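Raw contents of entry.csv, CSV, C-alpha atoms (C1' of nucleotides):
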```
chain,number,residue,atom,x,y,z
E,1,MET,CA,16.8,20.8,74.2
E,2,LYS,CA,16.1,20.5,70.6
E,3,ARG,CA,15.0,17.7,68.3
E,4,ASN,CA,14.7,14.1,69.5
E,5,SER,CA,14.5,15.3,73.1
E,6,ARG,CA,11.9,12.8,73.9
E,7,LEU,CA,13.9,9.8,72.7
E,8,SER,CA,17.0,11.2,74.3
E,9,LEU,CA,15.2,11.9,77.6
E,10,ALA,CA,13.7,8.4,77.6
E,11,LEU,CA,17.0,6.7,77.0
E,12,HIS,CA,18.7,8.8,79.5
E,13,THR,CA,16.2,8.0,82.2
E,14,LEU,CA,16.0,4.3,81.5
E,15,SER,CA,19.8,4.1,81.5
E,16,HIS,CA,19.8,5.8,84.9
E,17,MET,CA,17.3,3.3,86.2
E,18,ALA,CA,19.3,0.4,84.9
E,19,GLY,CA,22.0,1.4,87.4
E,20,GLU,CA,19.8,1.0,90.4
E,21,PRO,CA,16.7,-1.0,89.2
E,22,ASN,CA,15.1,-1.2,92.6
E,23,ARG,CA,15.2,2.5,93.5
E,24,VAL,CA,11.9,4.3,92.9
E,25,ARG,CA,12.4,7.7,91.3
E,26,THR,CA,10.1,10.7,91.3
E,27,SER,CA,9.5,12.7,88.2
E,28,THR,CA,11.0,15.7,90.0
E,29,ASP,CA,14.3,13.8,90.6
E,30,ILE,CA,14.4,12.7,87.1
E,31,ALA,CA,13.6,16.1,85.8
E,32,ASP,CA,16.4,17.7,87.9
E,33,HIS,CA,18.9,15.2,86.5
E,34,ALA,CA,17.8,15.6,83.0
E,35,GLY,CA,17.6,19.4,83.3
E,36,THR,CA,13.9,19.6,82.4
E,37,ASN,CA,10.4,19.7,84.0
E,38,PRO,CA,8.5,17.1,86.0
E,39,VAL,CA,5.5,17.3,83.7
E,40,VAL,CA,7.6,16.8,80.6
E,41,VAL,CA,9.1,13.7,82.3
E,42,ARG,CA,5.7,12.4,83.1
E,43,ARG,CA,4.5,12.9,79.6
E,44,VAL,CA,7.4,11.0,78.1
E,45,LEU,CA,7.6,8.3,80.7
E,46,GLY,CA,3.8,7.8,80.5
E,47,LYS,CA,4.2,6.6,77.0
E,48,LEU,CA,6.8,4.1,78.2
E,49,ARG,CA,4.4,2.9,80.9
E,50,GLU,CA,1.7,2.4,78.3
E,51,ALA,CA,4.2,0.2,76.4
E,52,GLY,CA,4.9,-1.8,79.6
E,53,LEU,CA,8.5,-0.7,80.0
E,54,LEU,CA,8.0,1.3,83.2
E,55,LEU,CA,5.8,1.2,86.3
E,56,SER,CA,4.5,4.2,88.1
E,57,GLU,CA,3.0,4.4,91.6
E,58,LYS,CA,0.8,7.2,92.7
E,59,GLY,CA,0.5,8.7,96.1
E,60,HIS,CA,3.0,9.2,98.9
E,61,ALA,CA,6.4,7.5,98.3
E,62,GLY,CA,5.3,6.9,94.7
E,63,GLY,CA,7.4,7.2,91.6
E,64,TRP,CA,8.9,5.4,88.7
E,65,ARG,CA,10.8,2.1,88.2
E,66,LEU,CA,11.6,-0.4,85.5
E,67,ALA,CA,8.9,-2.9,84.6
E,68,LYS,CA,11.5,-5.4,83.4
E,69,ALA,CA,15.2,-6.1,83.3
E,70,ALA,CA,17.2,-3.5,81.4
E,71,ASP,CA,18.7,-6.0,79.0
E,72,GLY,CA,15.1,-6.9,78.0
E,73,ILE,CA,14.4,-3.4,76.8
E,74,THR,CA,15.6,-2.6,73.3
E,75,LEU,CA,15.8,0.8,71.7
E,76,ALA,CA,13.1,-0.3,69.3
E,77,ASP,CA,10.8,-0.8,72.3
E,78,VAL,CA,11.4,2.8,73.3
E,79,TYR,CA,11.2,4.2,69.8
E,80,LEU,CA,7.9,2.5,69.1
E,81,ALA,CA,6.5,3.4,72.6
E,82,LEU,CA,7.1,7.1,71.8
E,83,ASP,CA,5.3,6.8,68.4
E,84,GLU,CA,8.3,8.2,66.7
E,85,ARG,CA,8.3,7.8,62.9
E,86,LEU,CA,11.5,9.5,61.9
E,87,VAL,CA,11.8,8.6,58.2
E,88,SER,CA,8.4,7.5,57.1
E,89,GLY,CA,6.5,10.6,58.3
E,90,THR,CA,3.1,10.4,56.6
E,91,ALA,CA,4.3,12.6,53.7
E,92,THR,CA,1.7,11.3,51.3
E,93,ALA,CA,-1.9,11.8,50.1
E,94,ASP,CA,-2.6,15.5,50.3
E,95,GLN,CA,-4.3,16.1,47.0
E,96,PRO,CA,-6.4,13.7,44.9
E,97,SER,CA,-3.4,13.5,42.5
E,98,LEU,CA,-3.4,14.8,39.0
E,99,CYS,CA,-2.3,11.8,37.0
E,100,SER,CA,-1.8,8.1,37.7
E,101,VAL,CA,2.0,8.4,37.3
E,102,GLU,CA,2.0,10.8,40.3
E,103,THR,CA,0.0,8.4,42.5
E,104,GLY,CA,2.2,5.6,41.5
E,105,LEU,CA,5.4,7.5,42.3
E,106,HIS,CA,4.0,8.8,45.5
E,107,ALA,CA,3.1,5.3,46.6
E,108,ARG,CA,6.5,4.0,45.5
E,109,VAL,CA,8.4,6.7,47.5
E,110,ALA,CA,6.3,6.0,50.5
E,111,GLU,CA,7.0,2.3,50.1
E,112,VAL,CA,10.7,2.9,50.0
E,113,LEU,CA,10.6,5.2,53.0
E,114,ASP,CA,8.6,2.6,54.9
E,115,ASP,CA,11.2,0.0,54.2
E,116,ILE,CA,13.9,2.3,55.5
E,117,GLU,CA,11.8,2.9,58.6
E,118,LYS,CA,11.6,-0.9,59.2
E,119,SER,CA,15.3,-1.2,58.8
E,120,LEU,CA,15.8,1.5,61.4
E,121,VAL,CA,13.6,-0.3,63.9
E,122,GLU,CA,15.5,-3.6,63.2
E,123,ARG,CA,18.7,-1.8,63.9
E,124,LEU,CA,17.3,-0.3,67.1
E,125,ARG,CA,16.2,-3.8,68.2
E,126,GLU,CA,19.9,-4.8,68.3
E,127,THR,CA,20.7,-2.4,71.2
E,128,THR,CA,19.4,-2.7,74.7
E,129,ILE,CA,19.4,-0.3,77.6
E,130,THR,CA,22.2,-2.4,79.2
E,131,ASP,CA,24.3,-1.6,76.1
E,132,VAL,CA,23.7,2.1,76.8
E,133,HIS,CA,24.5,1.7,80.5
E,134,PRO,CA,26.7,-1.4,80.9
E,135,GLU,CA,27.0,-3.3,84.2
E,136,GLY,CA,30.5,-2.0,85.1
E,137,CYS,CA,29.8,1.5,84.1
E,138,ILE,CA,32.8,3.7,84.8
E,139,TYR,CA,30.6,6.6,85.6
E,140,CYS,CA,28.4,4.7,88.0
E,141,GLU,CA,29.6,3.4,91.4
E,142,SER,CA,26.3,1.7,92.4
F,1,MET,CA,2.5,18.1,53.6
F,2,LYS,CA,3.9,17.2,57.0
F,3,ARG,CA,7.2,16.0,58.2
F,4,ASN,CA,10.0,14.8,55.9
F,5,SER,CA,8.5,16.7,53.0
F,6,ARG,CA,11.9,17.8,51.9
F,7,LEU,CA,13.3,14.2,51.6
F,8,SER,CA,10.0,13.1,50.1
F,9,LEU,CA,10.0,16.0,47.6
F,10,ALA,CA,13.6,15.3,46.6
F,11,LEU,CA,13.1,11.6,46.1
F,12,HIS,CA,9.9,12.3,44.1
F,13,THR,CA,11.6,14.7,41.9
F,14,LEU,CA,14.7,12.7,41.3
F,15,SER,CA,12.6,9.6,40.6
F,16,HIS,CA,10.7,11.6,38.0
F,17,MET,CA,13.9,12.8,36.4
F,18,ALA,CA,15.2,9.2,36.2
F,19,GLY,CA,12.4,8.5,33.8
F,20,GLU,CA,13.5,11.0,31.2
F,21,PRO,CA,17.1,12.0,32.2
F,22,ASN,CA,17.6,14.4,29.2
F,23,ARG,CA,14.5,16.5,29.7
F,24,VAL,CA,15.1,19.8,31.4
F,25,ARG,CA,12.4,20.6,34.0
F,26,THR,CA,11.5,24.0,35.3
F,27,SER,CA,10.8,24.4,39.0
F,28,THR,CA,7.2,25.4,38.1
F,29,ASP,CA,6.7,22.1,36.4
F,30,ILE,CA,8.1,20.2,39.3
F,31,ALA,CA,6.1,22.2,41.8
F,32,ASP,CA,2.9,21.5,39.9
F,33,HIS,CA,3.6,17.8,39.9
F,34,ALA,CA,4.6,17.7,43.5
F,35,GLY,CA,1.7,19.9,44.5
F,36,THR,CA,3.8,22.6,46.0
F,37,ASN,CA,5.5,25.9,45.2
F,38,PRO,CA,8.4,26.7,42.8
F,39,VAL,CA,10.4,28.5,45.4
F,40,VAL,CA,10.1,25.5,47.7
F,41,VAL,CA,11.3,23.3,44.9
F,42,ARG,CA,14.3,25.6,44.2
F,43,ARG,CA,15.1,25.6,47.9
F,44,VAL,CA,15.2,21.8,48.1
F,45,LEU,CA,16.8,21.2,44.7
F,46,GLY,CA,19.4,23.8,45.5
F,47,LYS,CA,20.8,21.6,48.2
F,48,LEU,CA,20.9,18.7,45.8
F,49,ARG,CA,22.8,20.9,43.3
F,50,GLU,CA,25.3,21.9,46.0
F,51,ALA,CA,25.9,18.2,46.6
F,52,GLY,CA,26.5,17.6,42.9
F,53,LEU,CA,23.4,15.5,42.3
F,54,LEU,CA,21.6,18.0,40.0
F,55,LEU,CA,22.4,20.7,37.5
F,56,SER,CA,20.5,23.9,37.1
F,57,GLU,CA,20.6,26.4,34.2
F,58,LYS,CA,19.5,29.9,34.5
F,59,GLY,CA,17.9,32.1,31.9
F,60,HIS,CA,15.5,31.4,29.2
F,61,ALA,CA,14.9,27.6,28.5
F,62,GLY,CA,16.7,27.0,31.8
F,63,GLY,CA,15.7,24.4,34.4
F,64,TRP,CA,16.9,21.3,36.2
F,65,ARG,CA,18.3,17.9,35.2
F,66,LEU,CA,20.3,15.1,36.7
F,67,ALA,CA,24.0,15.6,37.1
F,68,LYS,CA,24.7,11.9,36.9
F,69,ALA,CA,23.1,8.6,36.2
F,70,ALA,CA,20.1,7.7,38.5
F,71,ASP,CA,21.7,4.4,39.6
F,72,GLY,CA,24.7,6.4,40.8
F,73,ILE,CA,22.6,8.4,43.2
F,74,THR,CA,21.9,6.7,46.5
F,75,LEU,CA,19.3,7.8,49.1
F,76,ALA,CA,22.2,8.5,51.4
F,77,ASP,CA,23.5,11.1,49.0
F,78,VAL,CA,20.1,12.8,49.1
F,79,TYR,CA,19.7,12.5,52.8
F,80,LEU,CA,23.2,14.0,53.5
F,81,ALA,CA,22.7,16.7,50.9
F,82,LEU,CA,19.6,17.9,52.7
F,83,ASP,CA,21.5,18.0,56.1
F,84,GLU,CA,18.9,15.8,57.6
F,85,ARG,CA,19.9,14.3,60.9
F,86,LEU,CA,16.9,12.3,61.9
F,87,VAL,CA,18.0,10.3,64.9
F,88,SER,CA,21.1,12.1,66.2
F,89,GLY,CA,19.6,15.6,66.4
F,90,THR,CA,22.0,17.5,68.6
F,91,ALA,CA,20.2,16.6,71.8
F,92,THR,CA,23.1,17.3,74.1
F,93,ALA,CA,25.0,19.9,76.0
F,94,ASP,CA,22.5,22.5,77.2
F,95,GLN,CA,23.6,22.9,80.8
F,96,PRO,CA,27.1,22.6,82.3
F,97,SER,CA,25.9,19.4,83.9
F,98,LEU,CA,25.5,18.8,87.6
F,99,CYS,CA,27.6,15.8,88.1
F,100,SER,CA,30.1,13.6,86.2
F,101,VAL,CA,27.6,10.8,86.0
F,102,GLU,CA,25.3,13.0,84.0
F,103,THR,CA,27.9,14.1,81.5
F,104,GLY,CA,29.0,10.5,81.1
F,105,LEU,CA,25.5,9.3,80.5
F,106,HIS,CA,24.6,12.2,78.2
F,107,ALA,CA,27.7,11.4,76.1
F,108,ARG,CA,27.0,7.7,76.0
F,109,VAL,CA,23.4,8.3,74.8
F,110,ALA,CA,24.6,10.7,72.2
F,111,GLU,CA,27.2,8.1,71.2
F,112,VAL,CA,24.6,5.4,70.8
F,113,LEU,CA,22.3,7.7,68.8
F,114,ASP,CA,25.2,8.6,66.5
F,115,ASP,CA,25.8,4.9,65.9
F,116,ILE,CA,22.2,4.5,64.9
F,117,GLU,CA,22.4,7.5,62.6
F,118,LYS,CA,25.4,6.0,60.9
F,119,SER,CA,23.5,2.7,60.5
F,120,LEU,CA,20.7,4.6,58.9
F,121,VAL,CA,23.0,6.2,56.4
F,122,GLU,CA,24.5,2.9,55.6
F,123,ARG,CA,21.1,1.5,54.9
F,124,LEU,CA,20.2,4.4,52.7
F,125,ARG,CA,23.3,3.9,50.7
F,126,GLU,CA,21.9,0.5,49.6
F,127,THR,CA,19.1,2.1,47.7
F,128,THR,CA,19.5,4.1,44.5
F,129,ILE,CA,17.1,6.4,42.6
F,130,THR,CA,16.8,3.6,40.1
F,131,ASP,CA,15.4,1.4,42.8
F,132,VAL,CA,12.8,4.0,43.5
F,133,HIS,CA,11.9,4.4,39.8
F,134,PRO,CA,13.0,1.1,38.0
F,135,GLU,CA,13.7,1.0,34.3
F,136,GLY,CA,10.5,-0.7,33.3
F,137,CYS,CA,8.3,1.3,35.6
F,138,ILE,CA,4.7,0.2,35.2
F,139,TYR,CA,3.5,3.8,35.7
F,140,CYS,CA,5.9,5.3,33.2
F,141,GLU,CA,5.7,4.9,29.5
F,142,SER,CA,8.8,6.9,28.6
W,1,DG,C1',-9.4,11.8,109.4
W,2,DA,C1',-6.1,15.4,108.0
W,3,DC,C1',-1.9,16.3,105.7
W,4,DG,C1',1.9,15.9,102.6
W,5,DA,C1',3.9,13.9,98.6
W,6,DA,C1',3.4,12.0,94.6
W,7,DT,C1',1.1,10.9,89.7
W,8,DG,C1',-2.3,12.2,86.0
W,9,DC,C1',-4.1,15.4,83.1
W,10,DA,C1',-5.8,19.5,80.8
W,11,DA,C1',-5.0,24.1,79.2
W,12,DC,C1',-2.1,27.7,78.0
W,13,DT,C1',2.2,30.2,76.5
W,14,DG,C1',6.3,30.8,73.9
W,15,DC,C1',9.8,29.2,70.8
W,16,DT,C1',11.3,27.2,66.7
W,17,DG,C1',11.3,25.0,62.3
W,18,DT,C1',8.9,24.6,58.0
W,19,DT,C1',6.0,25.6,54.2
W,20,DG,C1',4.0,28.8,51.4
W,21,DT,C1',4.0,33.3,49.2
W,22,DT,C1',5.5,37.7,47.3
W,23,DA,C1',8.9,40.5,45.5
W,24,DC,C1',12.9,41.6,43.2
W,25,DA,C1',17.7,41.0,41.1
W,26,DC,C1',20.0,38.5,37.8
W,27,DT,C1',20.7,35.5,33.6
W,28,DT,C1',19.9,33.9,29.0
W,29,DG,C1',17.9,32.7,24.5
W,30,DG,C1',15.1,34.5,20.8
T,1,DC,C1',14.4,44.4,24.2
T,2,DC,C1',11.6,40.9,26.2
T,3,DA,C1',10.0,36.7,28.0
T,4,DA,C1',11.2,32.8,30.8
T,5,DG,C1',14.0,31.0,33.8
T,6,DT,C1',16.9,30.7,38.4
T,7,DG,C1',18.5,32.7,43.0
T,8,DT,C1',17.5,34.8,47.1
T,9,DA,C1',15.6,37.5,50.8
T,10,DA,C1',11.8,38.7,53.6
T,11,DC,C1',7.5,37.8,55.5
T,12,DA,C1',3.1,35.3,57.1
T,13,DA,C1',0.8,31.2,58.6
T,14,DC,C1',1.1,27.1,60.8
T,15,DA,C1',2.4,22.9,63.4
T,16,DG,C1',5.0,20.6,66.9
T,17,DC,C1',7.1,20.8,71.2
T,18,DA,C1',9.1,22.2,75.7
T,19,DG,C1',7.8,24.5,79.5
T,20,DT,C1',4.6,26.0,82.9
T,21,DT,C1',0.5,26.4,85.9
T,22,DG,C1',-3.3,24.6,88.1
T,23,DC,C1',-6.1,21.1,89.9
T,24,DA,C1',-8.0,16.4,90.7
T,25,DT,C1',-6.7,12.1,92.5
T,26,DT,C1',-4.1,8.6,95.1
T,27,DC,C1',-1.7,6.9,98.8
T,28,DG,C1',1.4,6.7,102.9
T,29,DT,C1',2.0,8.7,107.6
T,30,DC,C1',0.9,11.2,111.6
```

Would it be possible to restate this file's structure as structure tokens?
Amino acid sequence: MKRNSRLSLALHTLSHMAGEPNRVRTSTDIADHAGTNPVVVRRVLGKLREAGLLLSEKGHAGGWRLAKAADGITLADVYLALDERLVSGTATADQPSLCSVETGLHARVAEVLDDIEKSLVERLRETTITDVHPEGCIYCES
Amino acid sequence: MKRNSRLSLALHTLSHMAGEPNRVRTSTDIADHAGTNPVVVRRVLGKLREAGLLLSEKGHAGGWRLAKAADGITLADVYLALDERLVSGTATADQPSLCSVETGLHARVAEVLDDIEKSLVERLRETTITDVHPEGCIYCES
DNA sequence: GACGAATGCAACTGCTGTTGTTACACTTGG
DNA sequence: CCAAGTGTAACAACAGCAGTTGCATTCGTC
């Protein structure tokens, strides 16, 4: 996997779960399906749990399941849960700045980038997990 | 600098140039203002030149200037010139896939991410360099 | 209560992308 | 010819991230 693997893994997993919401999945199962490692899965899904999107149960017969209906989870929820800041990536304030024009410009660029970031989140809010994995999914028989 | 420094540097520089379109700037000048290195500047601006946004002149008294009016350059132009693919980052096709459900899901996730990427570019297309550095810029006396 | 199966977490490795830097070839105006 | 530029390659340093191992903890089941 390359870039954006966290977001991709999260979406993939949530989408899977949307198919059978009641089934509890172990991180090993998920890792096998996603072609990765149980620890990596727990790292990513842990963020989603913190955000209230997933529930995890420890101990024997434990595992992961959705904390709410798939159509109540938007891509923005996932994106924000993972602390991703794709466009507005804190690319400011390294040096005390040489002149006021510079600070002004830097601030303006950061401002514009922040706006774009907000637009991105708004766009993400329009899509739910159900949109990724629709009810009558042709790949899914469940 | 951290992430997105290329996009940030490009925007910063273009915005600067928008203030005095006729002035030819050397990469050393630009690097000093941006707090980085001339070679880094040439790397980034080189991409913008390939995309037809900038012109560079070699030799004595050479340097960089805008290839067209600032209000004719959108952030999408810059973004695409830099080959940035923030959301849809080739996070697919590593393994030959175990079952058809997996391939289907992977494809669907990639599809959704691609859509988001397209939306992002569309949003970027709405903003020009002039929007970043308006005519009556309060920081700029030129 | 012991055991097995699961999460949670910390530490470490290795890979990769990016920035910064140096060095050098090439170009051009004076 | 020379000084001041770009263009480019090569390298070091660094940061982020996936992957891995190990271990503590929790919880069903026998």

Which residues, written as a PyMOL selection string, have at least one atom at most 12 Å from Leu75 of chain F, with all atoms listed in the file counted and residues fewer than 2 positions away on the same chain left out?
(chain E and resi 87+109+112-113+116) or (chain F and resi 7-8+10-12+14-15+48+53+70-73+77-82+84+120-132)

Mind checking which residues fall within 10 Å of segment 9-23 of chain T, counting all atoms listed in the file, ignoring those fewer than 5 positions away in the same chain, and posting them as a list of chain:residue names?
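What passes the distance filter is E:Met1, E:Lys2, E:Arg3, E:Ser5, E:Arg6, E:Thr36, E:Asn37, E:Pro38, E:Val39, E:Val40, F:Lys2, F:Arg3, W:DC9, W:DA10, W:DA11, W:DC12, W:DT13, W:DG14, W:DC15, W:DT16, W:DG17, W:DT18, W:DT19, W:DG20, W:DT21, W:DT22, W:DA23, W:DC24.
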
Taking a cut-off of 7 Å and counting all atoms listed in the file, can you build a table that, for each residue of chain T near chain E, reports the nearest atom pair and how far apart they are in Å (one decimal), sorted by chain then residue number, as CSV?
```
residue,atom,partner,partner_atom,distance
T:DT26,C1',E:Gly59,CA,4.7
T:DC27,C1',E:Gly59,CA,3.9
T:DG28,C1',E:His60,CA,5.0
```

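Take atom CA of Asn22 of chain E and atom CA of Glu135 of chain E: the distance between them is 14.7 Å.
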
Could you make a table, as JSON lines, of the residues of chain W that have an atom within 8 Å of an atom of chain E, each with its nearest atom pair and distance in Å to one decimal, counting all atoms listed in the file, in chain and number order?
```
{"residue": "W:DG4", "atom": "C1'", "partner": "E:His60", "partner_atom": "CA", "distance": 7.7}
{"residue": "W:DA5", "atom": "C1'", "partner": "E:His60", "partner_atom": "CA", "distance": 4.8}
{"residue": "W:DA6", "atom": "C1'", "partner": "E:Gly59", "partner_atom": "CA", "distance": 4.6}
{"residue": "W:DT7", "atom": "C1'", "partner": "E:Lys58", "partner_atom": "CA", "distance": 4.8}
```

Could you work out how far atom CA of Ser119 of chain F lies from atom CA of Arg85 of chain F, giving the answer in Å with one decimal?
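Computing the Euclidean distance for atom CA of Arg85 of chain F and atom CA of Ser119 of chain F yields 12.2 Å.
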
What does the distance from atom C1' of DG5 of chain T to atom C1' of DC26 of chain W come to in Å, to one decimal?
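It comes out at 10.4 Å.
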
Using only C-alpha atoms (C1' of nucleotides), can you list as a compact mmCIF listing (two decimals) with C-alpha atoms, in the frame of the given file the residues within 8 Å of (15.9, 17.7, 32.6)?
```txt
# COMPACT_ATOMS: atom_id res chain seq x y z
CA MET F 17 13.90 12.80 36.40
CA GLU F 20 13.50 11.00 31.20
CA PRO F 21 17.10 12.00 32.20
CA ASN F 22 17.60 14.40 29.20
CA ARG F 23 14.50 16.50 29.70
CA VAL F 24 15.10 19.80 31.40
CA ARG F 25 12.40 20.60 34.00
CA GLY F 63 15.70 24.40 34.40
CA TRP F 64 16.90 21.30 36.20
CA ARG F 65 18.30 17.90 35.20
CA LEU F 66 20.30 15.10 36.70
```
